[in-house]
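Asks: This is the content of final-v2.cif (mmCIF, N, CA and C atoms):
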data_run
loop_
_atom_site.label_atom_id
_atom_site.label_comp_id
_atom_site.auth_asym_id
_atom_site.auth_seq_id
_atom_site.Cartn_x
_atom_site.Cartn_y
_atom_site.Cartn_z
N MET S 1 0.86 -1.17 0.00
CA MET S 1 0.00 0.00 0.00
C MET S 1 0.90 1.24 0.00
N ALA S 2 0.54 2.22 -0.82
CA ALA S 2 1.35 3.42 -0.94
C ALA S 2 1.05 4.39 0.20
N MET S 3 2.02 5.22 0.50
CA MET S 3 1.85 6.24 1.52
C MET S 3 1.93 7.60 0.85
N VAL S 4 1.05 8.52 1.27
CA VAL S 4 1.01 9.86 0.71
C VAL S 4 1.07 10.86 1.86
N THR S 5 1.83 11.91 1.66
CA THR S 5 1.91 12.97 2.67
C THR S 5 1.09 14.15 2.19
N VAL S 6 0.24 14.68 3.07
CA VAL S 6 -0.65 15.79 2.71
C VAL S 6 -0.54 16.86 3.79
N ARG S 7 -0.48 18.12 3.38
CA ARG S 7 -0.48 19.23 4.34
C ARG S 7 -1.94 19.61 4.61
N LEU S 8 -2.28 19.68 5.89
CA LEU S 8 -3.64 20.05 6.30
C LEU S 8 -3.58 21.26 7.21
N SER S 9 -4.63 22.05 7.17
CA SER S 9 -4.72 23.17 8.10
C SER S 9 -4.92 22.60 9.51
N ASP S 10 -4.59 23.39 10.51
CA ASP S 10 -4.78 22.94 11.89
C ASP S 10 -6.25 22.62 12.16
N GLU S 11 -7.13 23.42 11.59
CA GLU S 11 -8.58 23.22 11.79
C GLU S 11 -9.03 21.87 11.20
N LEU S 12 -8.59 21.57 9.98
CA LEU S 12 -8.98 20.32 9.33
C LEU S 12 -8.39 19.12 10.09
N ARG S 13 -7.16 19.25 10.51
CA ARG S 13 -6.52 18.17 11.30
C ARG S 13 -7.29 17.94 12.60
N ALA S 14 -7.71 19.01 13.26
CA ALA S 14 -8.46 18.89 14.51
C ALA S 14 -9.81 18.21 14.27
N ARG S 15 -10.44 18.52 13.16
CA ARG S 15 -11.72 17.88 12.85
C ARG S 15 -11.56 16.39 12.60
N ILE S 16 -10.52 16.01 11.89
CA ILE S 16 -10.25 14.58 11.65
C ILE S 16 -9.90 13.89 12.96
N ASP S 17 -9.09 14.54 13.80
CA ASP S 17 -8.76 13.98 15.11
C ASP S 17 -10.02 13.76 15.93
N ASN S 18 -10.92 14.73 15.89
CA ASN S 18 -12.18 14.65 16.64
C ASN S 18 -13.03 13.48 16.15
N LEU S 19 -13.14 13.32 14.83
CA LEU S 19 -13.89 12.19 14.28
C LEU S 19 -13.30 10.86 14.74
N ALA S 20 -11.98 10.77 14.68
CA ALA S 20 -11.30 9.53 15.07
C ALA S 20 -11.54 9.22 16.54
N GLU S 21 -11.41 10.23 17.37
CA GLU S 21 -11.58 10.04 18.81
C GLU S 21 -13.02 9.63 19.15
N ARG S 22 -13.99 10.32 18.56
CA ARG S 22 -15.40 10.04 18.87
C ARG S 22 -15.86 8.69 18.35
N SER S 23 -15.30 8.26 17.22
CA SER S 23 -15.75 7.00 16.60
C SER S 23 -14.93 5.79 16.99
N GLY S 24 -13.72 6.03 17.48
CA GLY S 24 -12.84 4.92 17.79
C GLY S 24 -12.14 4.34 16.57
N ARG S 25 -12.26 5.01 15.45
CA ARG S 25 -11.60 4.56 14.22
C ARG S 25 -10.30 5.36 14.04
N PRO S 26 -9.35 4.80 13.29
CA PRO S 26 -8.11 5.55 13.06
C PRO S 26 -8.32 6.73 12.09
N LYS S 27 -7.48 7.73 12.23
CA LYS S 27 -7.56 8.90 11.35
C LYS S 27 -7.43 8.50 9.89
N SER S 28 -6.60 7.50 9.62
CA SER S 28 -6.37 7.08 8.23
C SER S 28 -7.67 6.58 7.58
N TYR S 29 -8.57 5.99 8.39
CA TYR S 29 -9.86 5.53 7.85
C TYR S 29 -10.62 6.71 7.25
N PHE S 30 -10.71 7.80 8.00
CA PHE S 30 -11.46 8.96 7.52
C PHE S 30 -10.79 9.63 6.33
N VAL S 31 -9.48 9.69 6.35
CA VAL S 31 -8.76 10.29 5.22
C VAL S 31 -9.01 9.47 3.96
N ARG S 32 -8.92 8.13 4.07
CA ARG S 32 -9.19 7.27 2.91
C ARG S 32 -10.63 7.44 2.42
N GLU S 33 -11.59 7.44 3.35
CA GLU S 33 -13.01 7.58 2.98
C GLU S 33 -13.26 8.92 2.28
N LEU S 34 -12.69 9.98 2.81
CA LEU S 34 -12.86 11.30 2.21
C LEU S 34 -12.27 11.35 0.80
N ILE S 35 -11.12 10.75 0.63
CA ILE S 35 -10.49 10.72 -0.70
C ILE S 35 -11.34 9.89 -1.65
N LEU S 36 -11.79 8.72 -1.20
CA LEU S 36 -12.61 7.85 -2.05
C LEU S 36 -13.90 8.55 -2.48
N ARG S 37 -14.59 9.14 -1.52
CA ARG S 37 -15.85 9.84 -1.85
C ARG S 37 -15.60 11.03 -2.78
N GLY S 38 -14.51 11.73 -2.54
CA GLY S 38 -14.17 12.87 -3.39
C GLY S 38 -13.84 12.43 -4.81
N ILE S 39 -13.09 11.35 -4.94
CA ILE S 39 -12.74 10.84 -6.27
C ILE S 39 -14.00 10.41 -7.02
N GLU S 40 -14.89 9.70 -6.32
CA GLU S 40 -16.14 9.26 -6.96
C GLU S 40 -16.95 10.46 -7.46
N GLU S 41 -16.99 11.52 -6.66
CA GLU S 41 -17.73 12.72 -7.07
C GLU S 41 -17.06 13.40 -8.27
N PHE S 42 -15.74 13.50 -8.25
CA PHE S 42 -15.03 14.10 -9.37
C PHE S 42 -15.19 13.26 -10.64
N GLU S 43 -15.17 11.93 -10.49
CA GLU S 43 -15.37 11.06 -11.66
C GLU S 43 -16.77 11.26 -12.25
N GLU S 44 -17.76 11.40 -11.39
CA GLU S 44 -19.12 11.64 -11.87
C GLU S 44 -19.20 12.99 -12.60
N ASP S 45 -18.57 14.00 -12.03
CA ASP S 45 -18.54 15.32 -12.69
C ASP S 45 -17.88 15.22 -14.06
N LEU S 46 -16.80 14.44 -14.14
CA LEU S 46 -16.08 14.28 -15.41
C LEU S 46 -16.96 13.57 -16.44
N ARG S 47 -17.70 12.53 -16.00
CA ARG S 47 -18.62 11.83 -16.92
C ARG S 47 -19.69 12.79 -17.44
N ASP S 48 -20.20 13.64 -16.56
CA ASP S 48 -21.20 14.62 -16.98
C ASP S 48 -20.61 15.59 -18.01
N LEU S 49 -19.41 16.05 -17.76
CA LEU S 49 -18.73 16.97 -18.68
C LEU S 49 -18.49 16.31 -20.03
N GLU S 50 -18.07 15.05 -20.02
CA GLU S 50 -17.85 14.33 -21.27
C GLU S 50 -19.16 14.15 -22.04
N ALA S 51 -20.25 13.89 -21.34
CA ALA S 51 -21.56 13.75 -22.00
C ALA S 51 -21.98 15.07 -22.63
N ILE S 52 -21.72 16.17 -21.96
CA ILE S 52 -22.04 17.50 -22.52
C ILE S 52 -21.20 17.75 -23.76
N ARG S 53 -19.94 17.42 -23.71
CA ARG S 53 -19.05 17.60 -24.87
C ARG S 53 -19.54 16.76 -26.06
N GLU S 54 -19.93 15.50 -25.80
CA GLU S 54 -20.46 14.65 -26.87
C GLU S 54 -21.74 15.23 -27.45
N TYR S 55 -22.60 15.74 -26.60
CA TYR S 55 -23.85 16.36 -27.04
C TYR S 55 -23.57 17.55 -27.95
N LEU S 56 -22.64 18.39 -27.52
CA LEU S 56 -22.30 19.57 -28.33
C LEU S 56 -21.63 19.17 -29.64
N ALA S 57 -20.77 18.15 -29.60
CA ALA S 57 -20.10 17.68 -30.82
C ALA S 57 -21.09 17.09 -31.81
N ALA S 58 -22.18 16.53 -31.31
CA ALA S 58 -23.19 15.91 -32.18
C ALA S 58 -24.21 16.92 -32.70
N GLY S 59 -24.01 18.18 -32.42
CA GLY S 59 -24.92 19.18 -32.94
C GLY S 59 -25.61 19.98 -31.86
N GLY S 60 -25.45 19.55 -30.65
CA GLY S 60 -25.97 20.30 -29.51
C GLY S 60 -27.41 20.70 -29.65
N ARG S 61 -27.65 21.99 -29.59
CA ARG S 61 -29.01 22.53 -29.59
C ARG S 61 -29.74 22.30 -30.91
N ASP S 62 -29.00 21.94 -31.95
CA ASP S 62 -29.64 21.71 -33.25
C ASP S 62 -30.24 20.31 -33.37
N GLN S 63 -30.05 19.48 -32.35
CA GLN S 63 -30.60 18.14 -32.41
C GLN S 63 -32.13 18.18 -32.31
N LYS S 64 -32.76 17.13 -32.84
CA LYS S 64 -34.21 17.03 -32.80
C LYS S 64 -34.68 16.96 -31.35
N ARG S 65 -35.74 17.71 -31.07
CA ARG S 65 -36.32 17.68 -29.73
C ARG S 65 -37.68 17.02 -29.80
N ILE S 66 -37.98 16.24 -28.77
CA ILE S 66 -39.30 15.63 -28.71
C ILE S 66 -39.88 15.86 -27.32
N SER S 67 -41.20 15.82 -27.25
CA SER S 67 -41.87 16.04 -25.97
C SER S 67 -41.79 14.78 -25.12
N MET S 68 -42.11 14.92 -23.85
CA MET S 68 -42.14 13.76 -22.96
C MET S 68 -43.18 12.76 -23.43
N LYS S 69 -44.30 13.24 -23.95
CA LYS S 69 -45.36 12.36 -24.45
C LYS S 69 -44.81 11.52 -25.61
N GLU S 70 -44.11 12.18 -26.56
CA GLU S 70 -43.53 11.47 -27.70
C GLU S 70 -42.49 10.45 -27.23
N LEU S 71 -41.68 10.83 -26.26
CA LEU S 71 -40.67 9.92 -25.73
C LEU S 71 -41.33 8.72 -25.06
N SER S 72 -42.40 8.99 -24.32
CA SER S 72 -43.14 7.93 -23.66
C SER S 72 -43.69 6.92 -24.67
N VAL S 73 -44.21 7.44 -25.78
CA VAL S 73 -44.75 6.57 -26.83
C VAL S 73 -43.60 5.80 -27.49
N GLU S 74 -42.50 6.50 -27.79
CA GLU S 74 -41.36 5.87 -28.46
C GLU S 74 -40.77 4.73 -27.62
N LEU S 75 -40.70 4.93 -26.31
CA LEU S 75 -40.15 3.91 -25.42
C LEU S 75 -41.22 2.94 -24.93
N GLU S 76 -42.43 3.11 -25.41
CA GLU S 76 -43.58 2.28 -25.05
C GLU S 76 -43.88 2.31 -23.56
N LEU S 77 -43.56 3.44 -22.93
CA LEU S 77 -43.87 3.59 -21.51
C LEU S 77 -45.37 3.77 -21.31
N ASP S 78 -46.04 4.33 -22.32
CA ASP S 78 -47.49 4.52 -22.22
C ASP S 78 -48.19 3.17 -22.11
N LYS S 79 -47.69 2.16 -22.84
CA LYS S 79 -48.28 0.81 -22.77
C LYS S 79 -48.03 0.19 -21.40
N LEU S 80 -46.83 0.38 -20.90
CA LEU S 80 -46.48 -0.15 -19.59
C LEU S 80 -47.35 0.49 -18.52
N GLU S 81 -47.54 1.80 -18.63
CA GLU S 81 -48.35 2.52 -17.65
C GLU S 81 -49.80 2.05 -17.67
N SER S 82 -50.34 1.82 -18.88
CA SER S 82 -51.74 1.37 -18.96
C SER S 82 -51.87 -0.05 -18.43
N ARG S 83 -50.85 -0.91 -18.63
CA ARG S 83 -50.88 -2.26 -18.07
C ARG S 83 -50.83 -2.22 -16.56
N ASN S 84 -49.96 -1.37 -16.01
CA ASN S 84 -49.85 -1.24 -14.56
C ASN S 84 -51.14 -0.69 -13.97
N HIS S 85 -51.75 0.25 -14.67
CA HIS S 85 -52.98 0.85 -14.19
C HIS S 85 -54.11 -0.18 -14.16
N SER S 86 -54.22 -0.99 -15.21
CA SER S 86 -55.29 -1.98 -15.26
C SER S 86 -55.06 -3.08 -14.23
N SER S 87 -53.81 -3.49 -14.01
CA SER S 87 -53.56 -4.53 -13.02
C SER S 87 -53.78 -3.99 -11.62
N SER S 88 -53.47 -2.71 -11.38
CA SER S 88 -53.70 -2.16 -10.04
C SER S 88 -55.18 -1.98 -9.78
N SER S 89 -55.97 -1.67 -10.83
CA SER S 89 -57.41 -1.54 -10.62
C SER S 89 -58.02 -2.92 -10.38
N GLN S 90 -57.47 -3.97 -11.02
CA GLN S 90 -57.96 -5.32 -10.76
C GLN S 90 -57.63 -5.73 -9.33
N THR S 91 -56.45 -5.38 -8.86
CA THR S 91 -56.06 -5.68 -7.49
C THR S 91 -56.98 -4.96 -6.52
N THR S 92 -57.31 -3.71 -6.82
CA THR S 92 -58.21 -2.94 -5.96
C THR S 92 -59.59 -3.58 -5.93
N LYS S 93 -60.10 -4.03 -7.09
CA LYS S 93 -61.40 -4.69 -7.14
C LYS S 93 -61.39 -5.96 -6.30
N LYS S 94 -60.32 -6.76 -6.40
CA LYS S 94 -60.21 -7.99 -5.62
C LYS S 94 -60.20 -7.68 -4.13
N ALA S 95 -59.42 -6.70 -3.73
CA ALA S 95 -59.32 -6.34 -2.31
C ALA S 95 -60.66 -5.87 -1.79
N THR S 96 -61.40 -5.11 -2.61
CA THR S 96 -62.71 -4.61 -2.20
C THR S 96 -63.68 -5.77 -2.02
N SER S 97 -63.66 -6.74 -2.93
CA SER S 97 -64.58 -7.87 -2.81
C SER S 97 -64.22 -8.74 -1.62
N VAL S 98 -62.94 -8.88 -1.29
CA VAL S 98 -62.52 -9.65 -0.12
C VAL S 98 -63.00 -8.94 1.14
N ARG S 99 -62.83 -7.62 1.20
CA ARG S 99 -63.30 -6.87 2.36
C ARG S 99 -64.81 -6.99 2.51
N SER S 100 -65.53 -6.92 1.40
CA SER S 100 -66.98 -7.03 1.43
C SER S 100 -67.41 -8.39 1.97
N ALA S 101 -66.72 -9.44 1.55
CA ALA S 101 -67.04 -10.79 2.02
C ALA S 101 -66.79 -10.91 3.52
N LYS S 102 -65.69 -10.35 3.99
CA LYS S 102 -65.38 -10.40 5.41
C LYS S 102 -66.41 -9.62 6.20
N ASN S 103 -66.81 -8.46 5.68
CA ASN S 103 -67.81 -7.64 6.36
C ASN S 103 -69.15 -8.37 6.41
N ALA S 104 -69.50 -9.08 5.36
CA ALA S 104 -70.77 -9.81 5.32
C ALA S 104 -70.77 -10.91 6.37
N LYS S 105 -69.64 -11.56 6.59
CA LYS S 105 -69.55 -12.62 7.60
C LYS S 105 -69.68 -12.06 9.00
N SER S 106 -69.18 -10.85 9.19
CA SER S 106 -69.19 -10.29 10.54
C SER S 106 -70.48 -9.57 10.89
N VAL S 107 -71.42 -9.49 9.97
CA VAL S 107 -72.70 -8.83 10.26
C VAL S 107 -73.40 -9.63 11.34
N GLY S 108 -73.96 -8.96 12.30
CA GLY S 108 -74.66 -9.64 13.37
C GLY S 108 -73.77 -9.87 14.58
N ARG S 109 -72.47 -9.80 14.42
CA ARG S 109 -71.56 -9.95 15.55
C ARG S 109 -71.37 -8.57 16.17
N THR S 110 -71.27 -8.57 17.45
CA THR S 110 -70.98 -7.29 18.10
C THR S 110 -69.59 -7.35 18.65
N SER S 111 -68.91 -6.27 18.56
CA SER S 111 -67.56 -6.24 19.09
C SER S 111 -67.62 -5.75 20.53
N PRO S 112 -66.70 -6.19 21.35
CA PRO S 112 -66.72 -5.74 22.75
C PRO S 112 -66.50 -4.23 22.80
N THR S 113 -67.20 -3.61 23.71
CA THR S 113 -67.05 -2.16 23.84
C THR S 113 -66.01 -1.88 24.90
N ARG S 114 -65.32 -0.79 24.72
CA ARG S 114 -64.28 -0.40 25.66
C ARG S 114 -64.90 0.45 26.75
N LYS S 115 -64.50 0.20 27.95
CA LYS S 115 -64.99 1.01 29.07
C LYS S 115 -64.14 2.28 29.10
N SER S 116 -64.81 3.40 29.28
CA SER S 116 -64.05 4.65 29.36
C SER S 116 -63.57 4.83 30.79
N SER S 117 -62.40 5.41 30.92
CA SER S 117 -61.85 5.57 32.26
C SER S 117 -62.03 6.96 32.79
#
What is this file in C-alpha cells?
Replies:
Amino acid sequence: MAMVTVRLSDELRARIDNLAERSGRPKSYFVRELILRGIEEFEEDLRDLEAIREYLAAGGRDQKRISMKELSVELELDKLESRNHSSSSQTTKKATSVRSAKNAKSVGRTSPTRKSS
C-alpha cells in the first residue's frame, strides 16, 4: 500500500482527530473515505462533462427535440403505464370484494365495547 503525505490546516486536522476520537476509528480511515468519496464525485462530474461535450459535438441545440409524451410513446412507456394501471385496478377490485365478504360474515356480531376511564 502506498503512503502519501498531505499538508492540512490545523482546523482540518483537529476535525479529523475529533472524528477519530469520537468514533474509535483511526484517522487514516477517515482520510481514505474522504479521498474515495471525493474521487467518486469528481469522476461523476467528469462523466457529466464528457456527456455534454459529446452532445455539443453531435450538434448540440440543433438536435431534434421531442416532448415527454412522444418519448413515452417511443419507449412504449405509455403501454407499460396502462398495463400497470389496469392490473392495479384489478387488485383494488379484488381487495374490495374480499373486504366485502369479510364484512358480510361479521354482520350480526358485536364487538366488545371499551370502558371509558
Asks: Pull out every residue that the PyMOL selection byres (((chain S and resi 4 and name CA) around 12) and name CA) matches in the shown coordinates and put them as number ranges by chain.
Replies: S: 1-3, 5-7, 28, 31-32, 35
Asks: Figure out the distance between atom C of S:Glu43 and atom C of S:Pro26, please, to one decimal in Å.
Replies: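 Computing the Euclidean distance for atom C of S:Pro26 and atom C of S:Glu43 yields 26.2 Å.
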Asks: How big is the axis-aligned box around the listed atoms of stretch 13-30 of chain S once 4 Å is added on each side, and where is its centre? Give both in Å to one decimal, as AutoDock Vina command-line options.
Replies:
--center_x -11.1 --center_y 11.8 --center_z 12.7 --size_x 17.5 --size_y 22.9 --size_z 20.8
Asks: For a test of reading the model, state the distance in Å between atom N of S:Ala58 and atom CA of S:Glu40, rounded to one decimal.
Replies: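 Computed distance, atom N of S:Ala58 to atom CA of S:Glu40, equals 26.1 Å.
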Asks: Would you work out the distance separating atom CA of S:Leu56 from atom C of S:Phe42, expressed in Å to one decimal?
Replies: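 Taking atom CA of S:Leu56 and atom C of S:Phe42, their separation equals 20.1 Å.
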